[in-house]
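**Student:** Got a file for you: upload07.cif, mmCIF, C-alpha atoms and all ligand atoms.
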data_target
#
loop_
_atom_site.label_atom_id
_atom_site.label_comp_id
_atom_site.auth_asym_id
_atom_site.auth_seq_id
_atom_site.Cartn_x
_atom_site.Cartn_y
_atom_site.Cartn_z
CA MET A 23 54.00 24.45 9.50
CA SER A 24 55.50 21.53 7.61
CA ARG A 25 55.29 17.88 8.54
CA ILE A 26 58.52 15.98 8.72
CA VAL A 27 58.97 12.27 9.20
CA LEU A 28 62.24 11.67 11.05
CA GLY A 29 63.28 8.04 10.60
CA VAL A 30 65.81 6.96 13.21
CA THR A 31 67.75 3.74 12.62
CA GLY A 32 70.02 1.67 14.82
CA GLY A 33 73.42 3.32 15.01
CA VAL A 34 75.47 4.89 17.78
CA ALA A 35 74.54 8.36 16.49
CA ALA A 36 70.84 7.70 17.23
CA TYR A 37 71.15 9.84 20.37
CA LYS A 38 71.93 12.84 18.13
CA ALA A 39 68.54 12.38 16.46
CA VAL A 40 66.85 13.56 19.68
CA ASP A 41 68.56 16.92 19.28
CA LEU A 42 67.62 17.01 15.57
CA ALA A 43 63.98 16.30 16.42
CA SER A 44 64.04 19.05 19.02
CA ARG A 45 65.57 21.58 16.63
CA LEU A 46 63.08 20.72 13.89
CA ARG A 47 60.27 21.37 16.34
CA GLN A 48 61.85 24.66 17.37
CA GLN A 49 61.69 25.62 13.69
CA ASP A 50 57.92 25.09 13.92
CA HIS A 51 57.77 21.77 12.10
CA ALA A 52 55.52 18.94 13.21
CA VAL A 53 57.88 15.98 13.59
CA ASP A 54 56.67 12.38 13.33
CA VAL A 55 59.50 10.20 14.58
CA VAL A 56 59.63 6.58 13.43
CA LEU A 57 62.18 4.30 15.07
CA SER A 58 63.51 1.21 13.35
CA ARG A 59 63.84 -2.04 15.28
CA GLY A 60 67.58 -1.42 15.59
CA ALA A 61 67.08 2.15 16.81
CA GLU A 62 65.23 0.97 19.90
CA ALA A 63 68.43 -0.65 21.16
CA PHE A 64 69.93 2.86 21.36
CA VAL A 65 67.08 5.31 22.06
CA THR A 66 63.45 5.18 23.17
CA PRO A 67 60.26 6.64 21.68
CA LEU A 68 59.77 8.50 24.97
CA SER A 69 62.79 10.78 24.39
CA PHE A 70 61.41 11.75 21.00
CA SER A 71 57.82 12.31 22.02
CA ALA A 72 59.11 14.46 24.89
CA VAL A 73 60.90 16.82 22.50
CA THR A 74 58.41 16.75 19.62
CA GLY A 75 55.22 16.87 21.66
CA ARG A 76 53.82 14.13 19.41
CA ARG A 77 53.64 10.41 19.46
CA ALA A 78 56.83 8.66 18.31
CA TYR A 79 56.29 5.40 16.44
CA ARG A 80 58.04 2.06 16.83
CA ASP A 81 58.37 -0.56 14.19
CA GLU A 82 55.71 -2.78 15.73
CA ASP A 83 53.11 -0.02 15.26
CA LEU A 84 52.99 -1.12 11.61
CA TRP A 85 50.99 -4.15 12.72
CA GLN A 86 48.54 -2.43 15.07
CA PRO A 87 44.92 -2.25 13.95
CA GLY A 88 43.64 1.31 13.61
CA GLU A 89 41.22 3.50 11.72
CA SER A 90 43.76 4.16 9.00
CA ILE A 91 46.85 2.46 7.62
CA LEU A 92 49.68 4.03 9.55
CA HIS A 93 52.52 3.89 7.01
CA VAL A 94 50.30 5.28 4.22
CA GLU A 95 48.96 8.05 6.44
CA LEU A 96 52.42 9.12 7.63
CA ALA A 97 53.85 8.97 4.11
CA HIS A 98 51.08 11.08 2.60
CA ALA A 99 51.17 13.68 5.34
CA ALA A 100 54.94 14.14 5.11
CA ASP A 101 56.46 17.15 3.34
CA VAL A 102 59.95 15.72 3.80
CA ILE A 103 61.30 12.41 5.09
CA LEU A 104 64.66 12.59 6.85
CA ILE A 105 66.48 9.41 7.87
CA ALA A 106 69.05 10.31 10.52
CA PRO A 107 71.12 8.46 11.41
CA ALA A 108 70.82 6.07 8.49
CA THR A 109 72.51 2.71 9.08
CA ALA A 110 74.23 0.72 6.34
CA ASP A 111 71.58 -1.93 6.96
CA PHE A 112 68.60 0.35 6.48
CA ILE A 113 70.17 2.03 3.44
CA ALA A 114 70.59 -1.45 1.90
CA ARG A 115 66.98 -2.37 2.60
CA ALA A 116 65.61 0.89 1.21
CA ALA A 117 67.86 0.69 -1.86
CA HIS A 118 66.11 -2.57 -2.69
CA GLY A 119 62.60 -1.46 -1.86
CA LEU A 120 62.08 -3.72 1.15
CA ALA A 121 58.85 -2.92 2.95
CA ASP A 122 59.21 -5.26 5.93
CA SER A 123 59.14 -2.42 8.49
CA LEU A 124 57.12 0.70 9.25
CA LEU A 125 59.91 2.94 7.97
CA GLY A 126 60.51 0.81 4.86
CA SER A 127 56.80 0.74 3.99
CA LEU A 128 56.30 4.47 4.44
CA LEU A 129 59.36 5.24 2.33
CA LEU A 130 57.88 3.23 -0.53
CA SER A 131 54.51 4.96 -0.18
CA ALA A 132 55.96 8.48 -0.07
CA THR A 133 56.17 10.96 -2.92
CA CYS A 134 57.88 13.80 -1.00
CA PRO A 135 61.65 14.52 -0.97
CA VAL A 136 63.75 12.03 1.01
CA ILE A 137 67.02 13.01 2.72
CA TRP A 138 69.53 10.53 4.11
CA ALA A 139 72.08 11.36 6.80
CA PRO A 140 74.25 8.23 7.04
CA ALA A 141 76.44 7.40 10.05
CA MET A 142 78.62 4.33 10.32
CA GLU A 143 82.17 3.02 10.57
CA SER A 144 84.30 4.13 7.65
CA GLY A 145 84.73 0.53 6.55
CA MET A 146 80.96 0.10 6.31
CA TRP A 147 80.60 3.40 4.45
CA GLN A 148 83.33 2.51 1.97
CA ALA A 149 82.16 -1.08 1.43
CA ALA A 150 81.33 -1.79 -2.21
CA ALA A 151 77.79 -2.85 -1.26
CA THR A 152 77.12 0.42 0.59
CA ARG A 153 78.54 2.48 -2.31
CA GLU A 154 76.21 0.68 -4.68
CA ASN A 155 73.21 1.11 -2.35
CA VAL A 156 73.87 4.83 -1.87
CA ALA A 157 74.16 5.26 -5.65
CA ARG A 158 70.77 3.55 -6.03
CA LEU A 159 69.11 5.94 -3.57
CA ALA A 160 70.64 8.90 -5.42
CA ALA A 161 69.38 7.43 -8.70
CA PHE A 162 65.87 7.28 -7.19
CA GLY A 163 66.19 11.08 -6.84
CA GLN A 164 66.76 10.95 -3.07
CA ARG A 165 69.42 13.11 -1.44
CA VAL A 166 72.22 11.36 0.43
CA LEU A 167 74.29 13.77 2.52
CA PRO A 168 77.95 12.78 2.70
CA PRO A 169 78.98 11.66 6.20
CA ALA A 170 81.54 13.83 7.98
CA GLU A 171 85.11 12.92 8.79
CA GLY A 172 86.52 12.71 12.31
CA HIS A 173 86.35 10.66 15.49
CA LEU A 174 84.21 7.53 15.21
CA ALA A 175 82.55 5.52 17.97
CA SER A 176 85.08 2.71 17.47
CA GLY A 177 87.84 5.05 18.65
CA ARG A 178 89.28 5.28 15.15
CA SER A 179 88.89 8.27 12.91
CA GLY A 180 87.73 8.45 9.34
CA VAL A 181 84.70 9.20 7.19
CA GLY A 182 81.40 8.05 8.69
CA ARG A 183 80.26 10.55 11.31
CA LEU A 184 76.70 11.82 11.12
CA PRO A 185 76.80 15.05 9.04
CA GLU A 186 76.68 18.20 11.18
CA ALA A 187 73.20 19.11 12.46
CA GLY A 188 73.38 22.47 10.64
CA GLU A 189 73.95 20.71 7.33
CA ILE A 190 71.09 18.28 7.90
CA LEU A 191 68.67 21.05 8.90
CA ALA A 192 69.73 23.16 5.89
CA ALA A 193 68.99 20.21 3.59
CA VAL A 194 65.50 19.89 5.14
CA GLU A 195 64.81 23.60 4.70
CA GLU A 196 66.00 23.44 1.11
CA ALA A 197 63.72 20.50 0.37
CA LEU A 198 60.78 22.45 1.81
CA ARG A 199 61.49 25.57 -0.25
CA THR A 200 58.97 26.38 -2.96
CA PRO A 201 60.63 25.71 -6.30
CA GLN A 202 61.72 29.09 -7.67
CA LEU A 203 62.73 27.99 -11.14
CA THR A 204 59.80 25.95 -12.45
CA LYS A 205 59.64 25.92 -16.27
CA VAL A 206 63.18 27.33 -16.47
CA ARG A 207 65.35 25.24 -18.81
CA VAL A 208 68.86 24.86 -17.47
CA LEU A 209 71.70 23.32 -19.47
CA VAL A 210 74.79 22.31 -17.48
CA THR A 211 78.06 21.10 -18.99
CA ALA A 212 80.28 18.96 -16.78
CA GLY A 213 83.29 16.71 -16.67
CA PRO A 214 86.41 16.56 -18.79
CA THR A 215 86.63 15.98 -22.52
CA ARG A 216 88.97 13.57 -24.28
CA GLU A 217 90.81 14.46 -27.44
CA TYR A 218 92.00 11.23 -29.00
CA LEU A 219 95.23 10.87 -30.97
CA ASP A 220 94.39 7.23 -31.71
CA PRO A 221 91.88 4.78 -30.16
CA VAL A 222 93.95 4.40 -26.95
CA ARG A 223 95.71 7.75 -26.44
CA PHE A 224 94.12 11.06 -25.59
CA LEU A 225 94.59 14.53 -24.09
CA SER A 226 92.40 15.25 -21.08
CA ASN A 227 92.41 16.67 -17.54
CA PRO A 228 91.56 15.49 -14.00
CA SER A 229 87.97 16.83 -13.93
CA THR A 230 85.50 14.30 -12.49
CA GLY A 231 82.26 16.15 -13.30
CA ARG A 232 81.44 16.37 -9.60
CA MET A 233 80.99 20.16 -9.58
CA GLY A 234 78.68 20.11 -12.60
CA ILE A 235 76.60 17.22 -11.27
CA ALA A 236 76.20 19.15 -7.99
CA VAL A 237 75.10 22.24 -9.97
CA ALA A 238 72.62 20.13 -11.95
CA GLU A 239 71.22 18.68 -8.70
CA ALA A 240 70.94 22.16 -7.19
CA ALA A 241 69.12 23.40 -10.33
CA ARG A 242 66.70 20.50 -10.11
CA SER A 243 66.07 21.23 -6.42
CA PHE A 244 65.06 24.75 -7.50
CA GLY A 245 62.45 23.15 -9.76
CA ALA A 246 64.26 23.75 -13.07
CA GLU A 247 64.15 21.41 -16.10
CA VAL A 248 67.75 20.27 -16.22
CA THR A 249 69.85 18.78 -19.01
CA LEU A 250 73.43 17.76 -18.28
CA VAL A 251 75.96 17.50 -21.08
CA LEU A 252 78.46 15.19 -19.44
CA GLY A 253 81.98 14.28 -20.53
CA PRO A 254 83.54 10.89 -19.73
CA THR A 255 83.34 10.22 -15.98
CA GLU A 256 82.73 7.40 -13.52
CA LEU A 257 80.06 9.45 -11.75
CA ARG A 258 76.39 8.94 -12.44
CA ALA A 259 73.86 11.74 -12.66
CA PRO A 260 70.82 11.37 -10.40
CA ALA A 261 67.30 10.67 -11.61
CA GLY A 262 65.28 13.57 -12.96
CA ILE A 263 68.16 15.04 -14.92
CA GLY A 264 68.41 14.42 -18.66
CA VAL A 265 71.95 13.37 -19.53
CA VAL A 266 73.66 13.77 -22.91
CA GLY A 267 76.94 11.86 -22.84
CA VAL A 268 79.79 13.26 -24.94
CA THR A 269 83.49 12.50 -25.29
CA SER A 270 85.34 15.26 -27.13
CA ALA A 271 85.22 19.06 -27.01
CA GLY A 272 83.76 18.98 -30.53
CA GLU A 273 80.90 16.74 -29.40
CA MET A 274 80.29 18.89 -26.33
CA PHE A 275 80.18 21.99 -28.52
CA GLU A 276 77.64 20.38 -30.88
CA ALA A 277 75.51 19.15 -27.94
CA VAL A 278 75.37 22.68 -26.50
CA ARG A 279 74.86 24.43 -29.84
CA ALA A 280 71.96 22.15 -30.75
CA ARG A 281 70.19 22.96 -27.44
CA LEU A 282 70.99 26.65 -27.14
CA GLU A 283 67.69 27.84 -28.58
CA GLN A 284 65.75 25.83 -25.97
CA THR A 285 67.94 26.92 -23.07
CA ASP A 286 67.17 29.71 -20.60
CA VAL A 287 70.26 29.29 -18.45
CA LEU A 288 73.60 27.76 -19.44
CA ILE A 289 76.04 26.84 -16.69
CA ALA A 290 79.36 25.79 -18.15
CA THR A 291 81.33 23.87 -15.53
CA ALA A 292 83.02 21.41 -17.91
CA ALA A 293 86.80 21.36 -18.12
CA VAL A 294 86.85 21.41 -21.92
CA SER A 295 90.19 20.58 -23.49
CA ASP A 296 91.53 23.69 -25.26
CA LEU A 297 93.69 21.64 -27.59
CA ARG A 298 93.34 18.47 -29.62
CA PRO A 299 95.77 16.54 -31.80
CA ALA A 300 95.64 18.03 -35.31
CA SER A 301 95.45 14.55 -36.81
CA HIS A 302 93.69 11.44 -35.60
CA PHE A 303 94.61 7.84 -36.34
CA ASP A 304 91.85 5.24 -36.62
CA GLN A 305 94.19 2.41 -35.65
CA LYS A 306 96.45 2.32 -32.60
CA VAL A 307 99.82 3.79 -33.58
CA LYS A 308 102.68 1.37 -32.84
CA LYS A 309 105.07 2.57 -30.16
CA SER A 310 107.96 2.54 -32.64
CA ASP A 311 105.93 4.75 -35.05
CA LEU A 312 104.91 7.35 -32.48
CA PRO A 313 106.09 10.84 -33.38
CA ASN A 314 108.14 12.76 -30.81
CA VAL A 315 106.16 15.89 -31.58
CA VAL A 316 102.37 15.91 -31.92
CA GLU A 317 100.85 18.89 -33.64
CA LEU A 318 97.93 20.34 -31.72
CA GLU A 319 95.10 22.61 -32.76
CA ARG A 320 92.60 24.64 -30.75
CA THR A 321 89.16 23.27 -30.02
CA GLN A 322 86.02 25.36 -30.36
CA ASP A 323 85.57 27.77 -27.39
CA ILE A 324 82.06 26.82 -26.23
CA LEU A 325 81.60 29.68 -23.77
CA ALA A 326 82.80 32.29 -26.26
CA TYR A 327 80.41 30.91 -28.90
CA VAL A 328 77.48 30.98 -26.52
CA GLY A 329 78.45 34.49 -25.32
CA ALA A 330 78.42 35.70 -28.92
CA HIS A 331 75.14 33.97 -29.85
CA ARG A 332 73.11 34.35 -26.68
CA ARG A 333 69.61 35.62 -27.07
CA PRO A 334 68.24 38.42 -24.88
CA GLY A 335 67.22 37.19 -21.44
CA GLN A 336 69.38 34.09 -21.63
CA ILE A 337 71.66 33.71 -18.61
CA LEU A 338 75.20 32.54 -18.95
CA VAL A 339 77.39 31.29 -16.11
CA GLY A 340 80.97 30.13 -16.69
CA PHE A 341 83.61 28.54 -14.51
CA ALA A 342 87.27 29.48 -14.45
CA ALA A 343 89.70 26.93 -12.99
CA GLU A 344 92.87 28.88 -12.37
CA THR A 345 96.16 28.47 -10.57
CA ASP A 346 97.07 32.13 -10.66
CA ASP A 347 94.88 34.98 -9.36
CA PRO A 348 91.45 33.37 -10.00
CA GLU A 349 89.59 36.65 -9.48
CA ALA A 350 91.52 38.56 -12.16
CA GLU A 351 91.06 35.67 -14.58
CA ALA A 352 87.35 35.50 -13.76
CA ARG A 353 87.01 39.23 -14.53
CA ARG A 354 88.74 38.82 -17.86
CA LYS A 355 86.54 35.84 -18.76
CA LEU A 356 83.38 37.70 -17.68
CA ARG A 357 84.20 40.48 -20.14
CA GLU A 358 85.52 38.44 -23.03
CA LYS A 359 82.79 35.78 -23.04
CA SER A 360 79.97 38.16 -22.06
CA CYS A 361 78.81 36.06 -19.13
CA ASP A 362 76.51 37.12 -16.28
CA LEU A 363 78.58 35.31 -13.67
CA ILE A 364 81.97 33.69 -13.63
CA VAL A 365 82.79 31.30 -10.81
CA GLY A 366 86.53 31.34 -10.31
CA ASN A 367 88.20 28.57 -8.37
CA ASP A 368 91.80 28.06 -7.41
CA VAL A 369 92.50 24.46 -8.38
CA ARG A 370 95.73 24.36 -6.36
CA ARG A 371 93.96 24.49 -2.97
CA PRO A 372 93.54 21.07 -1.34
CA ASP A 373 89.86 21.81 -0.55
CA ALA A 374 89.00 23.08 -4.03
CA GLY A 375 89.08 22.15 -7.69
CA PHE A 376 89.22 18.75 -9.38
CA GLY A 377 87.59 15.77 -7.68
CA THR A 378 87.24 17.33 -4.20
CA ALA A 379 83.97 17.27 -2.23
CA THR A 380 84.28 20.97 -1.44
CA ASN A 381 85.17 24.10 -3.35
CA VAL A 382 86.23 27.65 -2.62
CA CYS A 383 85.01 30.05 -5.27
CA THR A 384 85.06 33.69 -6.18
CA PHE A 385 81.80 34.79 -7.78
CA VAL A 386 82.45 37.64 -10.20
CA THR A 387 79.70 39.68 -11.87
CA ALA A 388 79.68 43.08 -13.57
CA HIS A 389 78.65 44.55 -10.22
CA GLY A 390 81.18 43.02 -7.87
CA ALA A 391 82.93 39.94 -6.52
CA TRP A 392 82.40 37.82 -3.43
CA GLN A 393 83.80 34.61 -2.02
CA VAL A 394 81.67 31.50 -1.56
CA GLY A 395 83.07 28.64 0.51
CA PRO A 396 84.81 26.61 1.58
CA ALA A 397 81.50 24.84 1.05
CA SER A 398 80.25 21.59 -0.46
CA LYS A 399 79.91 21.61 -4.23
CA ARG A 400 76.16 21.28 -3.79
CA GLU A 401 76.09 24.45 -1.67
CA ILE A 402 78.12 26.26 -4.33
CA GLY A 403 75.55 25.03 -6.86
CA GLU A 404 72.74 26.43 -4.72
CA GLU A 405 74.45 29.82 -4.54
CA ILE A 406 74.66 29.84 -8.32
CA MET A 407 70.98 28.98 -8.63
CA ALA A 408 70.06 31.66 -6.09
CA PHE A 409 71.93 34.15 -8.31
CA VAL A 410 70.07 32.86 -11.39
CA ALA A 411 66.70 33.09 -9.61
CA GLN A 412 67.46 36.67 -8.61
CA ARG A 413 68.46 37.56 -12.19
CA LEU A 414 65.22 36.08 -13.49
CA GLY A 415 63.28 38.07 -10.90
CA ARG A 416 61.91 34.89 -9.25
C1 LIG A 501 76.92 -1.02 19.42
C2 LIG A 501 76.51 -1.01 17.98
C3 LIG A 501 76.69 0.11 17.24
C4 LIG A 501 76.32 0.16 15.88
N1 LIG A 501 76.51 1.29 15.17
C5 LIG A 501 76.16 1.34 13.87
C6 LIG A 501 76.34 2.53 13.13
O1 LIG A 501 76.81 3.56 13.62
N2 LIG A 501 75.98 2.54 11.83
C7 LIG A 501 75.47 1.42 11.22
O2 LIG A 501 75.20 1.48 10.01
N3 LIG A 501 75.26 0.28 11.91
C8 LIG A 501 75.60 0.22 13.21
N4 LIG A 501 75.39 -0.94 13.93
C9 LIG A 501 74.77 -2.09 13.26
C10 LIG A 501 73.26 -1.93 13.20
O3 LIG A 501 72.75 -1.71 14.50
C11 LIG A 501 72.63 -3.17 12.62
O4 LIG A 501 73.00 -3.26 11.24
C12 LIG A 501 71.12 -3.18 12.74
O5 LIG A 501 70.62 -4.34 12.10
C13 LIG A 501 70.51 -1.94 12.12
O6 LIG A 501 69.11 -2.02 12.22
P1 LIG A 501 68.16 -0.94 11.55
O7 LIG A 501 68.76 -0.63 10.23
O8 LIG A 501 66.84 -1.61 11.46
O9 LIG A 501 68.13 0.21 12.45
C14 LIG A 501 75.75 -0.99 15.28
C15 LIG A 501 75.53 -2.13 16.07
C16 LIG A 501 75.90 -2.14 17.38
C17 LIG A 501 75.64 -3.39 18.19
#
As a first step, turn the structure in this file into structure tokens.
Ligand SMILES: Cc1cc2nc3c(=O)[nH]c(=O)nc-3n(C[C@H](O)[C@H](O)[C@H](O)COP(=O)(O)O)c2cc1C
**Tutor:**
Amino acid sequence: MSRIVLGVTGGVAAYKAVDLASRLRQQDHAVDVVLSRGAEAFVTPLSFSAVTGRRAYRDEDLWQPGESILHVELAHAADVILIAPATADFIARAAHGLADSLLGSLLLSATCPVIWAPAMESGMWQAAATRENVARLAAFGQRVLPPAEGHLASGRSGVGRLPEAGEILAAVEEALRTPQLTKVRVLVTAGPTREYLDPVRFLSNPSTGRMGIAVAEAARSFGAEVTLVLGPTELRAPAGIGVVGVTSAGEMFEAVRARLEQTDVLIATAAVSDLRPASHFDQKVKKSDLPNVVELERTQDILAYVGAHRRPGQILVGFAAETDDPEAEARRKLREKSCDLIVGNDVRRPDAGFGTATNVCTFVTAHGAWQVGPASKREIGEEIMAFVAQRLGR
């Protein structure tokens, strides 16, 4: 039996937390519910204690004298802390380490995984301050589930609904799982590369690095030691993942080659440019001097190099972004680059490929092919890590 702290904060979706608490209990978890001040305007501790069979705490309990210090006791006993729903207000306070409430104090005292299930109006979710606060929580190594899209309490529709209960419960179960890949060194490549013609012009592609960051996060959640070789992107990698920033395909190749010996698993998600301008100008070329034809040359094929130089036992996973028969292309790549798994994705689908939150993939191995998704990129990452764990006999 695991102990879960369910923090409930003051949003319309607070009523859904009663069902979450009940389902967590049905999964045999002991659930300590802690309501924020705002939450009590929407739900009562009584509803929660009725479904959890335990006392539910209110913010004012922080100040009650007792034999032990409540926030420290709850924090230390917790195996996972889940905040659902998480208001914009509480996210902001936690992102800045405020400890002026029972929930805020216990979050600061805790060392266990923390999962956030935000719910709010889309305007609040998209506000620059909330974006920044969510990024801070992610940088602390906490997991922020993306809110769902659909009908909102205001009558409008948009992004901001509490994520589906199934997704929240799956995130809790995942956080409770014993790490299967401790001491396994995973190297992930992600993002695009840029091949400069001069200091202001380059060849690149629309990759954002989102898939690779999700894979790196999934690998870390399996307990692996993760290094991310990341091309130019706006996205930040979360805490606990070593990041090597690169710009060009050549730099990415060198970064991978230098680490290959110390790598047990390589997952190549990066959209590496296949071509680069054959010559490079150190100064910006004047518009009037620009050639009509630019000679291109091939860049180093990272996956093929690794496939040819892999040591026994090393696991190699590649991605294939295709617009035409992804499975056939994945099969060809599996053979030619001697990979253990190729994840093919059709980048033309609206719910897959560059920059999307979700992906639809075909996993191809020497023994067969199966479809994964539509699913979040994180879930795809977890499927990959489950495959790796199985290969390593974990
Ligand atoms: C009717 C009503 C509904 C609200 N719904 C939300 C919501 O869904 N999400 C949110 O972030 N804030 C919502 N708020 C604002 C929060 O209740 C407010 O920021 C409060 O200070 C949050 O307190 P807490 O973070 O301590 O729970 C709502 C406020 C009202 C009055």
**Student:** With all atoms listed in the file as the counted atoms, please give the residues lying no more than 12 Å from A:His173, apart from itself and same-chain residues fewer than 3 positions off, as a list in words.
**Tutor:**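 Residues meeting the cut-off are Ala141, Met142, Glu143, Ser144, Pro169, Ala170, Ser176, Gly177, Arg178, Ser179, Gly180, Val181, Gly182, Arg183 and Leu184 of chain A.
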**Student:** Contacts of A:Thr31 at 10 Å or less, counting only C-alpha atoms, minus same-chain residues fewer than 5 places along, as a PyMOL selection string?
**Tutor:** chain A and resi 36+39+56-65+105-113+125+140-141
**Student:** Could you check how far atom CA of A:Val102 sits from atom CA of A:Leu28, in Å to one decimal?
**Tutor:** 8.6 Å
**Student:** I want to know what sits within 8 Å of stretch 159-163 of chain A, based on only C-alpha atoms, with residues of the same chain fewer than 6 positions away left out; could you give that as a ChimeraX atom specification?
**Tutor:** /A:116-117,259-262
**Student:** Which distance in Å separates atom CA of A:Ala157 and atom CA of A:Leu120, to one decimal?
**Tutor:**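 Calculated distance between atom CA of A:Ala157 and atom CA of A:Leu120 is 16.5 Å.
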**Student:** Expressed in Å to a single decimal, how great is the separation between atom CA of A:Ser90 and atom CA of A:Ser131?
**Tutor:**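 Going from atom CA of A:Ser90 over to atom CA of A:Ser131 covers 14.2 Å.
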**Student:** Rank nothing, just name the residue among A:Glu95, A:Glu273, A:Asp122, A:Asp296 nearest to ligand LIG 501 (chain A), using only C-alpha atoms and all ligand atoms.
**Tutor:**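 Comparing A:Glu95, A:Glu273, A:Asp122, A:Asp296 against ligand LIG 501 (chain A), the winner is A:Asp122.
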